[in-house]
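> Take a look at the following structure, please.
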Amino acid sequence: MRRRALAASLGLALSVLLLSGAPAAASGPATPKEAPASYMIPDMKHVWQSLNNCGPAAVVMALSTFGVDVDQETARIPLRGADIRRGMGPQGVPAFVAQWDLRSMWRNNGTNDLIKRLVANGFAPMVTQWMVDPSIERVAHWRTVRGYDDARGVFFVNDSMLGNGVPLSYDWFGRNWQSFQYRYMVIYRPEDEPLLKTIIGADWNEMYQRQSLYERAKTEAYAQGTAFAWLNYGESAYADGMFEEAVAAFEKGMSLGSATGVFGVRNSYPQALRALGRKQEADKLQTQLSGLSAVPQTVAPAPDSYAMFLSIRRSTPFESLPTE
């Protein structure tokens with residue numbers, strides 16, 4: 001009964017999600033360039049960030065590749081809000097860049113190879129990673145990728161805290177990306193969307209991307225056995241509607257080390273418990289985890305409706321799914 005009631009209450013949202021999860025229709029031929037052994041985007045300015053402004057600074061640097069010259073303080077309020085303690089999520093970027101007739105998309109499950117292919121085709125992807133190695137300090141950070149060099153095994157990033165064209169080894173880049181579910185964001189011209197879809201491939205479909213990241217994160221957790229890998233598995237399992245697995249993975253990750261700085265955990269872990277009907281545990285945990293990032297969280301976020309849909313879809317006969 002509880003499942004049927006939940007399905008009914010999510011009916012309209014699920015219909016929307018079904019449409020958004022459908023494979024995108026082809027909008028024309030697009031053949032990406034093969035990634036050469038090295039490449040550097042020629043025209044990208046560098047800016048040093050103001051307080052907690054790495055996200056808007058990264059966006060400003062990416063916009064400069066389109067000839068758009070905007071100040072990071074102009075970008076700060078639209079992208080972060082008025083609270084100077086808060087960082088930037090990717091959700092507000094599309095509306096901000098639309099004033100220059102540009103678009104923005106983001107996904108999790110990025111790979112080093114994908115970043116190289118994006119750069120080689122003229123896109124300047126932004127990624128969320130640790131600013132420095134988390135053994136030194138745990139600060140989540142946006143940086144903009146400008147180039148790469150296979151011979152040296154490095155990406156070159158324009159980093160608002162570290163400098164212009166800073167080399168980061170492929171290994172370091174991947175390891176320090178994992179805690180943020182390998183998130184990346186791309187600003188692009190509308191006419192370049194077919195090319196971008198071709199480069200990103202099946203992960204353009206969010207339903208596919210969630211399942212793919214879940215499988216990848218699970219494999220990495222068992223292979224690596226680190227707190228970061230298990231916490232990433234928990235977040236990925238939650239996003240894919242695998243709530244029992246998510247709780248078990250979070251418990252394992254927390255037993256292996258601190259989750260400080262892994263800000264997604266403070267949302268995903270309690271919401272996975274709530275999805276299982278364990279509300280009292282979830283409310284208590286929400287308070288315990290509120291300080292995982294620099295800005296304490298005082299209000300529980302809304303549950304991930306797509307994750308709820310995937311859970312229901314996985315366990316409900318297709319003909320029983322709500323359609324309106």
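Residues are named by chain letter and number: chains run A, B, ... in the order of the structure tokens, numbers start at 1 in each chain, and ligands are numbered from 1 in the order shown.
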Would you pick out the contacts of stretch 98-110 of chain A at 6 Å or less, using only C-alpha atoms, so that residues sharing its chain but fewer than 2 positions from it are not included, and give the list as a VMD selection string?

chain A and resid 94 to 96 181 to 189 213

> Show which residues sit within 9 Å of A:Gly174, as a PyMOL selection string. Count only C-alpha atoms, and ignore same-chain residues fewer than 5 positions away.

chain A and resi 111-112+129+169+182

> Ranking A:Thr219, A:Thr260, A:Gln271, A:Gln72 by minimum distance to A:Ser160 and counting only C-alpha atoms, which one comes first?

A:Gln72

> Can you measure atom CA of A:Arg175 to atom CA of A:Gly241 for me? One decimal in Å is fine.

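About the pair atom CA of A:Arg175 and atom CA of A:Gly241: they are 25.0 Å apart.
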
> When DSSP works through the backbone of this structure, what residues of stretch 114-258 of chain A end up as strand (DSSP E), shown as a ChimeraX atom specification?

/A:126-130,140-149,154-159,163-169,184-188

> Out of stretch 113-216 of chain A, which residues get helix (DSSP H, G or I) from DSSP, as a ChimeraX atom specification?

/A:113-120,170-175,178-180,190-204,206-216

> Residues of stretch 81-185 of chain A within 8 Å of stretch 39-56 of chain A: nearest atom pair and distance (Å, one decimal) for each, counting only C-alpha atoms, sorted by chain and number, as a tab-separated table?


```
residue	atom	partner	partner_atom	distance
A:Ile84	CA	A:Asn52	CA	6.8
A:Arg85	CA	A:Asn52	CA	6.5
A:Arg86	CA	A:Asn52	CA	7.1
A:Gly87	CA	A:Asn52	CA	6.2
A:Met88	CA	A:Gly55	CA	5.3
A:Gly89	CA	A:Gly55	CA	7.8
A:Val119	CA	A:Ile41	CA	7.1
A:Ala120	CA	A:Tyr39	CA	6.2
A:Gly122	CA	A:Ile41	CA	6.7
A:Ala124	CA	A:Ile41	CA	7.7
A:His141	CA	A:Cys54	CA	6.3
A:Trp142	CA	A:Gly55	CA	5.3
A:Arg143	CA	A:Cys54	CA	7.2
A:Arg146	CA	A:Ile41	CA	5.5
A:Gly147	CA	A:Met40	CA	4.1
A:Tyr148	CA	A:Tyr39	CA	5.7
A:Asp149	CA	A:Tyr39	CA	6.7
A:Phe156	CA	A:Met40	CA	7.9
A:Asn158	CA	A:His46	CA	6.1
A:Asp159	CA	A:His46	CA	7.5
A:Ser160	CA	A:Trp48	CA	4.5
A:Met161	CA	A:Trp48	CA	6.2
A:Gly163	CA	A:His46	CA	7.5
A:Asn164	CA	A:His46	CA	5.8
```

> I'd like the interatomic distance between atom CA of A:Ala229 and atom CA of A:Phe263, to a tenth of an Å.

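So the two atoms, atom CA of A:Ala229 and atom CA of A:Phe263, lie 14.3 Å apart.
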
> For the atom pair atom CA of A:Ala282 and atom CA of A:Asp304, what is the interatomic distance in Å to one decimal place?

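Taking atom CA of A:Ala282 as the start and atom CA of A:Asp304 as the end point, the length is 14.9 Å.
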
> Skipping near chain neighbours, those fewer than 3 positions away, what residues fall within 7 Å of A:Tyr238 using only C-alpha atoms, listed as a list in words?

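Here the answer would be Gly234, Glu235, Gly241, Met242, Phe243, Ala246, Ser268, Ala272 and Ala307 of chain A.
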
> Go ahead and write the selection's residues with N, CA and C atoms as a CSV table (one decimal), in the first residue's frame.


```
chain,number,residue,atom,x,y,z
A,234,GLY,N,27.8,4.8,-2.1
A,234,GLY,CA,26.6,5.1,-1.5
A,234,GLY,C,25.8,6.2,-2.2
A,235,GLU,N,26.5,7.2,-2.6
A,235,GLU,CA,25.8,8.3,-3.3
A,235,GLU,C,25.2,7.8,-4.6
A,241,GLY,N,18.4,4.7,-7.1
A,241,GLY,CA,17.2,4.1,-6.5
A,241,GLY,C,17.5,2.8,-5.7
A,242,MET,N,18.8,2.5,-5.4
A,242,MET,CA,19.1,1.3,-4.7
A,242,MET,C,19.4,1.7,-3.3
A,243,PHE,N,18.3,1.9,-2.5
A,243,PHE,CA,18.4,2.5,-1.2
A,243,PHE,C,19.0,1.6,-0.2
A,246,ALA,N,22.6,1.7,-0.8
A,246,ALA,CA,23.2,3.0,-0.5
A,246,ALA,C,23.5,3.1,1.0
A,268,SER,N,22.3,12.5,0.7
A,268,SER,CA,21.9,11.2,0.2
A,268,SER,C,21.7,10.1,1.3
A,272,ALA,N,18.2,8.2,1.8
A,272,ALA,CA,18.1,6.8,1.6
A,272,ALA,C,17.4,6.1,2.7
A,307,ALA,N,15.5,9.4,-8.4
A,307,ALA,CA,15.9,8.2,-7.6
A,307,ALA,C,14.7,7.4,-7.2
```
